[in-house]
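Coordinates as given in entry.cif (mmCIF, C-alpha atoms and all ligand atoms):
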data_entry
#
loop_
_atom_site.label_atom_id
_atom_site.label_comp_id
_atom_site.auth_asym_id
_atom_site.auth_seq_id
_atom_site.Cartn_x
_atom_site.Cartn_y
_atom_site.Cartn_z
CA MET A 245 77.84 8.76 5.84
CA GLN A 246 76.74 11.44 8.28
CA ASN A 247 76.69 14.02 5.48
CA ILE A 248 74.59 11.78 3.25
CA ARG A 249 72.13 11.21 6.10
CA ARG A 250 71.94 14.95 6.76
CA ASP A 251 71.38 15.70 3.04
CA ILE A 252 68.57 13.13 2.78
CA LYS A 253 66.92 14.53 5.92
CA ASN A 254 67.16 18.09 4.56
CA TYR A 255 65.75 16.98 1.22
CA PHE A 256 62.65 15.39 2.80
CA GLU A 257 62.17 18.40 5.08
CA MET A 258 62.21 20.68 2.04
CA GLU A 259 59.67 18.44 0.28
CA ARG A 260 57.43 18.38 3.36
CA GLU A 261 57.55 22.17 3.57
CA SER A 262 56.48 22.40 -0.06
CA GLY A 263 53.45 20.18 0.72
CA ILE A 264 54.69 16.75 -0.44
CA SER A 265 53.99 14.20 2.26
CA GLU A 266 53.34 10.98 0.36
CA TYR A 267 55.85 9.00 -1.67
CA LEU A 268 55.63 6.05 -3.98
CA PHE A 269 59.06 4.48 -3.87
CA SER A 270 59.64 2.61 -7.07
CA SER A 271 61.72 0.03 -5.19
CA LYS A 272 58.54 -1.18 -3.46
CA PRO A 273 57.01 -4.31 -4.98
CA LYS A 274 54.25 -3.77 -7.50
CA ASP A 275 51.50 -5.11 -5.21
CA VAL A 276 52.52 -2.71 -2.45
CA GLN A 277 52.68 0.25 -4.82
CA LEU A 278 49.25 -0.57 -6.24
CA SER A 279 47.72 -0.93 -2.80
CA LEU A 280 49.15 2.47 -1.84
CA VAL A 281 47.44 4.02 -4.86
CA LYS A 282 44.25 2.06 -4.10
CA ASN A 283 44.31 3.56 -0.63
CA GLN A 284 44.74 7.06 -2.09
CA VAL A 285 41.74 6.41 -4.35
CA SER A 286 39.59 5.25 -1.44
CA ASN A 287 40.30 8.55 0.34
CA CYS A 288 40.12 10.70 -2.80
CA GLN A 289 37.93 13.81 -2.65
CA LYS A 290 39.39 15.53 -5.72
CA CYS A 291 35.98 15.74 -7.42
CA SER A 292 32.37 15.77 -6.26
CA LEU A 293 31.91 12.04 -6.97
CA GLY A 294 34.00 11.32 -3.87
CA LYS A 295 31.19 12.51 -1.60
CA MET A 296 28.54 10.45 -3.38
CA ARG A 297 30.21 7.05 -3.48
CA THR A 298 29.55 4.04 -1.27
CA ASN A 299 32.90 2.56 -2.34
CA SER A 300 35.54 3.58 -4.79
CA VAL A 301 36.30 0.94 -7.42
CA PHE A 302 40.03 0.68 -8.05
CA GLY A 303 40.37 -2.45 -10.17
CA SER A 304 40.63 -6.20 -9.81
CA GLY A 305 42.47 -9.18 -11.20
CA ASN A 306 46.03 -10.17 -11.94
CA ILE A 307 48.50 -7.32 -11.46
CA ASN A 308 50.90 -9.15 -13.78
CA ALA A 309 48.26 -9.61 -16.48
CA LYS A 310 49.19 -9.44 -20.15
CA LEU A 311 45.70 -8.13 -20.89
CA VAL A 312 43.96 -5.20 -19.19
CA PHE A 313 40.33 -4.24 -19.83
CA VAL A 314 39.44 -0.60 -19.21
CA GLY A 315 35.78 0.38 -18.82
CA GLU A 316 34.03 3.65 -18.18
CA ALA A 317 33.01 4.07 -14.55
CA PRO A 318 31.45 2.04 -11.74
CA GLY A 319 27.70 1.53 -11.86
CA ARG A 320 25.34 0.81 -8.99
CA ASP A 321 26.48 -2.78 -8.31
CA GLU A 322 30.15 -1.81 -8.53
CA ASP A 323 29.64 1.12 -6.15
CA ILE A 324 28.02 -1.24 -3.62
CA GLN A 325 30.63 -3.98 -3.93
CA GLY A 326 33.75 -1.88 -4.61
CA MET A 327 34.62 -4.15 -7.54
CA PRO A 328 34.60 -3.42 -11.28
CA PHE A 329 32.15 -5.05 -13.67
CA VAL A 330 30.10 -7.09 -11.22
CA GLY A 331 26.62 -6.12 -12.54
CA GLU A 332 24.83 -7.26 -15.68
CA ALA A 333 27.42 -5.76 -18.05
CA GLY A 334 30.10 -7.36 -15.88
CA MET A 335 28.54 -10.79 -16.25
CA LEU A 336 28.63 -10.36 -20.01
CA LEU A 337 32.27 -9.23 -19.83
CA THR A 338 33.11 -12.33 -17.77
CA LYS A 339 31.43 -14.52 -20.43
CA ILE A 340 33.43 -12.81 -23.19
CA ILE A 341 36.70 -13.32 -21.27
CA GLU A 342 35.91 -16.98 -20.63
CA ALA A 343 34.96 -17.49 -24.29
CA MET A 344 38.49 -16.27 -25.09
CA GLY A 345 39.77 -19.23 -23.09
CA ILE A 346 41.00 -17.03 -20.23
CA LYS A 347 39.89 -16.84 -16.61
CA ARG A 348 38.61 -13.50 -15.36
CA ASP A 349 41.22 -13.66 -12.58
CA ASP A 350 44.01 -13.84 -15.15
CA VAL A 351 43.26 -10.42 -16.63
CA TYR A 352 43.10 -7.03 -14.90
CA ILE A 353 39.90 -4.97 -15.06
CA CYS A 354 39.56 -1.30 -14.19
CA ASN A 355 37.84 1.90 -15.27
CA ILE A 356 38.53 5.46 -16.35
CA LEU A 357 36.64 6.82 -13.30
CA LYS A 358 37.03 5.24 -9.91
CA CYS A 359 33.73 6.52 -8.47
CA ARG A 360 30.17 6.14 -9.71
CA PRO A 361 28.63 9.15 -11.48
CA PRO A 362 25.08 9.83 -10.21
CA GLN A 363 22.41 7.83 -12.09
CA ASN A 364 25.24 6.34 -14.17
CA ARG A 365 25.48 9.50 -16.24
CA ASN A 366 28.44 9.87 -18.61
CA PRO A 367 31.75 10.90 -17.04
CA LEU A 368 32.36 14.65 -17.33
CA PRO A 369 35.58 15.82 -19.02
CA GLU A 370 36.78 17.45 -15.76
CA GLU A 371 36.10 14.23 -13.80
CA ILE A 372 38.15 12.29 -16.35
CA SER A 373 41.05 14.72 -16.20
CA ILE A 374 41.06 14.65 -12.38
CA CYS A 375 40.84 10.85 -12.14
CA ILE A 376 42.92 9.69 -15.10
CA ASP A 377 46.30 9.77 -13.32
CA TYR A 378 45.17 6.82 -11.20
CA LEU A 379 44.61 4.76 -14.34
CA TYR A 380 47.92 5.89 -15.87
CA THR A 381 49.67 4.72 -12.71
CA GLN A 382 47.87 1.35 -12.80
CA ILE A 383 48.89 0.79 -16.42
CA ASP A 384 52.48 1.91 -15.74
CA MET A 385 52.77 -0.60 -12.92
CA ILE A 386 50.99 -3.53 -14.54
CA LYS A 387 52.74 -3.05 -17.89
CA PRO A 388 50.31 -5.20 -19.91
CA LYS A 389 51.02 -6.36 -23.44
CA ILE A 390 47.52 -5.41 -24.57
CA ILE A 391 44.83 -3.01 -23.40
CA CYS A 392 41.23 -3.48 -24.49
CA GLY A 393 39.22 -0.26 -24.32
CA LEU A 394 35.59 -1.03 -23.51
CA GLY A 395 33.48 1.62 -25.18
CA LYS A 396 33.81 5.21 -26.19
CA PHE A 397 35.11 6.78 -22.97
CA ALA A 398 37.98 4.37 -22.36
CA SER A 399 39.02 4.29 -26.01
CA GLN A 400 38.75 8.01 -26.74
CA THR A 401 40.47 8.97 -23.48
CA LEU A 402 43.44 6.63 -23.80
CA LEU A 403 43.90 7.21 -27.52
CA GLY A 404 43.39 10.97 -27.26
CA THR A 405 40.82 11.05 -30.04
CA GLU A 406 37.20 12.06 -30.50
CA ALA A 407 36.59 9.51 -33.25
CA PRO A 408 33.39 7.50 -32.66
CA ILE A 409 33.78 4.02 -31.18
CA SER A 410 32.09 2.57 -34.28
CA LYS A 411 35.12 3.82 -36.28
CA LEU A 412 37.75 2.96 -33.65
CA ARG A 413 36.70 -0.60 -32.80
CA GLY A 414 38.43 -3.53 -34.37
CA THR A 415 41.61 -1.68 -35.35
CA TRP A 416 44.85 -1.91 -33.41
CA SER A 417 46.12 1.38 -31.99
CA GLU A 418 48.77 2.11 -29.40
CA TYR A 419 48.72 3.66 -25.97
CA ARG A 420 52.29 4.58 -24.91
CA GLY A 421 53.82 1.63 -26.74
CA ILE A 422 51.12 -0.83 -25.56
CA LYS A 423 48.86 -2.41 -28.18
CA PHE A 424 45.36 -1.06 -27.77
CA MET A 425 42.16 -2.63 -29.09
CA PRO A 426 39.00 -0.52 -28.83
CA THR A 427 35.71 -2.40 -28.76
CA TYR A 428 32.08 -1.88 -27.81
CA HIS A 429 31.18 -1.66 -24.12
CA PRO A 430 29.33 -4.73 -22.72
CA ALA A 431 26.47 -2.45 -21.58
CA TYR A 432 26.06 -1.38 -25.23
CA LEU A 433 25.98 -5.08 -26.22
CA LEU A 434 23.15 -5.70 -23.76
CA ARG A 435 21.13 -3.12 -25.68
CA ASN A 436 22.46 -4.14 -29.11
CA PRO A 437 23.06 -7.90 -28.97
CA HIS A 438 23.44 -8.14 -32.77
CA ASP A 439 26.80 -6.33 -32.39
CA LYS A 440 28.21 -9.13 -30.20
CA LYS A 441 29.70 -10.69 -33.33
CA LEU A 442 31.75 -7.51 -33.92
CA VAL A 443 33.14 -7.66 -30.38
CA TRP A 444 33.99 -11.31 -30.91
CA GLU A 445 35.97 -10.32 -34.04
CA ASP A 446 37.90 -7.84 -31.88
CA MET A 447 38.51 -10.45 -29.16
CA LYS A 448 39.86 -12.90 -31.77
CA LYS A 449 42.44 -10.27 -32.76
CA ILE A 450 43.47 -9.99 -29.11
CA MET A 451 43.66 -13.79 -28.76
CA ASN A 452 45.90 -14.02 -31.84
CA GLU A 453 48.19 -11.39 -30.42
CA LEU A 454 48.38 -13.05 -26.99
N1 LIG B 501 30.53 -0.32 -16.59
C1 LIG B 501 31.80 0.12 -16.55
O1 LIG B 501 32.25 0.81 -17.45
N2 LIG B 501 32.54 -0.25 -15.54
C2 LIG B 501 32.11 -1.03 -14.56
O2 LIG B 501 32.88 -1.32 -13.65
C3 LIG B 501 30.78 -1.47 -14.62
C4 LIG B 501 30.00 -1.11 -15.64
#
Any chance you could give the structure as structure tokens?
Ligand code: URA
Amino acid sequence: MQNIRRDIKNYFEMERESGISEYLFSSKPKDVQLSLVKNQVSNCQKCSLGKMRTNSVFGSGNINAKLVFVGEAPGRDEDIQGMPFVGEAGMLLTKIIEAMGIKRDDVYICNILKCRPPQNRNPLPEEISICIDYLYTQIDMIKPKIICGLGKFASQTLLGTEAPISKLRGTWSEYRGIKFMPTYHPAYLLRNPHDKKLVWEDMKKIMNEL
């Protein structure tokens, strides 16, 4: 027993010396693990967006959800409230979810970027590659049955493709063994309401699968 204790102590000392000071023990419950990562995100300064944010926006909803929606990045309202999809596009997303016969609280909603890009500009490739591990961790922990990619950035990033969203939407793909449905972003629908019917087609496919 003493030897085991000594070995464990030596191991952690070695890790500390090589710069590793934070651990996510997989034996911790999912909610604890996710709040540890949320805390890391709220202190994150890995890219320049960290200095500009009011709040980081980690994600919200049911951490045991079968369905996860992934958007692009927080906008102004999300940055102020620290919650995803709470502005105009968020209200439309909530309506879509409720029309599917689900409560918003029953799904999980998050984004590719956790901090707002200035003037809501598109995420930069380097911002995505710096931030994406947080999303991968969220998905790994939640283990949904289905992911719905909202718009080009979520869908192209998680599917590893540059195909346009107009080609991707409506067809099932897979992200690491999880069914993935790309669709138009609610902000796009606010500008192009005639395409709402296409999103509804995509949502019906998700409902059938659920
Ligand atoms: N648009 C997004 O992609 N995400 C949000 O959280 C809000 C608007």
Notebook entry, point to check: Can you tell me, as a PyMOL selection string, which residues sit within 8 Å of (29.5, 3.7, -6.2) in the file's frame, using all atoms listed in the file?
Noted result: chain A and resi 296-301+318-324+326+359-361
Notebook entry, point to check: Can you list, as a list of chain:residue names, every protein, DNA or RNA residue that comes within 12 Å of Arg420 of chain A when you count all atoms listed in the file, leaving out same-chain residues fewer than 2 positions away?
Noted result: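 Near Arg420 of chain A, the qualifying residues are A:Tyr380, A:Ile383, A:Asp384, A:Lys387, A:Pro388, A:Lys389, A:Ile390, A:Ile391, A:Leu402, A:Leu403, A:Gly404, A:Ser417, A:Glu418, A:Ile422, A:Lys423, A:Phe424.
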Could the residues in this selection be written to a file with C-alpha atoms, as a PDB file, in the frame of the given file?
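Output contents, as saved in result-v9.pdb:
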ATOM      1  CA  TYR A 380      47.920   5.890 -15.870  1.00  0.00           C
ATOM      2  CA  ILE A 383      48.890   0.790 -16.420  1.00  0.00           C
ATOM      3  CA  ASP A 384      52.480   1.910 -15.740  1.00  0.00           C
ATOM      4  CA  LYS A 387      52.740  -3.050 -17.890  1.00  0.00           C
ATOM      5  CA  PRO A 388      50.310  -5.200 -19.910  1.00  0.00           C
ATOM      6  CA  LYS A 389      51.020  -6.360 -23.440  1.00  0.00           C
ATOM      7  CA  ILE A 390      47.520  -5.410 -24.570  1.00  0.00           C
ATOM      8  CA  ILE A 391      44.830  -3.010 -23.400  1.00  0.00           C
ATOM      9  CA  LEU A 402      43.440   6.630 -23.800  1.00  0.00           C
ATOM     10  CA  LEU A 403      43.900   7.210 -27.520  1.00  0.00           C
ATOM     11  CA  GLY A 404      43.390  10.970 -27.260  1.00  0.00           C
ATOM     12  CA  SER A 417      46.120   1.380 -31.990  1.00  0.00           C
ATOM     13  CA  GLU A 418      48.770   2.110 -29.400  1.00  0.00           C
ATOM     14  CA  ILE A 422      51.120  -0.830 -25.560  1.00  0.00           C
ATOM     15  CA  LYS A 423      48.860  -2.410 -28.180  1.00  0.00           C
ATOM     16  CA  PHE A 424      45.360  -1.060 -27.770  1.00  0.00           C
TER      17      PHE A 424
END
Show me a table, sorted first by chain and then by increasing residue number, of the residues of chain A having an atom at most 9 Å from ligand LIG 501 (chain B), each with its shortest atom pair and the distance in Å to one decimal, counting all atoms listed in the file and written as a tab-separated table.
residue	atom	partner	partner_atom	distance
A:Val301	CA	B:LIG501	O2	7.5
A:Gly303	CA	B:LIG501	O2	8.3
A:Val314	CA	B:LIG501	O1	7.5
A:Gly315	CA	B:LIG501	O1	3.8
A:Glu316	CA	B:LIG501	O1	3.4
A:Ala317	CA	B:LIG501	O1	4.4
A:Pro318	CA	B:LIG501	O2	4.1
A:Gly319	CA	B:LIG501	C3	5.1
A:Arg320	CA	B:LIG501	C3	8.2
A:Asp321	CA	B:LIG501	C3	7.7
A:Glu322	CA	B:LIG501	O2	5.8
A:Asp323	CA	B:LIG501	O2	8.5
A:Met327	CA	B:LIG501	O2	7.0
A:Pro328	CA	B:LIG501	O2	3.6
A:Phe329	CA	B:LIG501	O2	3.8
A:Val330	CA	B:LIG501	C3	6.6
A:Gly331	CA	B:LIG501	C3	6.6
A:Glu332	CA	B:LIG501	C4	8.0
A:Ala333	CA	B:LIG501	C4	5.8
A:Gly334	CA	B:LIG501	C3	6.1
A:Ile353	CA	B:LIG501	O2	8.0
A:Cys354	CA	B:LIG501	O2	6.7
A:Asn355	CA	B:LIG501	N2	5.7
A:Ile356	CA	B:LIG501	O1	7.9
A:Leu357	CA	B:LIG501	N2	8.5
A:Lys358	CA	B:LIG501	O2	8.6
A:Arg360	CA	B:LIG501	O2	8.9
A:Asn364	CA	B:LIG501	N1	8.8
A:Leu394	CA	B:LIG501	O1	7.2
A:Gly395	CA	B:LIG501	O1	7.9
A:Phe397	CA	B:LIG501	O1	8.6
A:Ala398	CA	B:LIG501	O1	8.3
A:His429	CA	B:LIG501	O1	7.2
A:Pro430	CA	B:LIG501	N1	7.6
A:Ala431	CA	B:LIG501	N1	6.8
Go ahead and fit an axis-aligned box to every listed atom of segment 363-372 of chain A plus 8 Å each side, and pass me the centre and edge lengths in Å, one decimal, as JSON.
{"center_x": 30.3, "center_y": 11.9, "center_z": -15.6, "size_x": 31.7, "size_y": 27.1, "size_z": 22.9}
Checklist line | Two-atom distance - atom CA of Leu379 of chain A, atom CA of Leu434 of chain A (Å) | finding: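 These two atoms are separated by 25.7 Å.
Here atom CA of Val443 of chain A is placed at a distance of 27.1 Å from atom CA of Cys375 of chain A.
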Item checked: Selected residue, from A:Met335, A:Val285, A:Leu311, A:Met385, that lies nearest to Lys272 of chain A when counting all atoms listed in the file ->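 Looking only at the distances to Lys272 of chain A, the closest residue turns out to be A:Met385.
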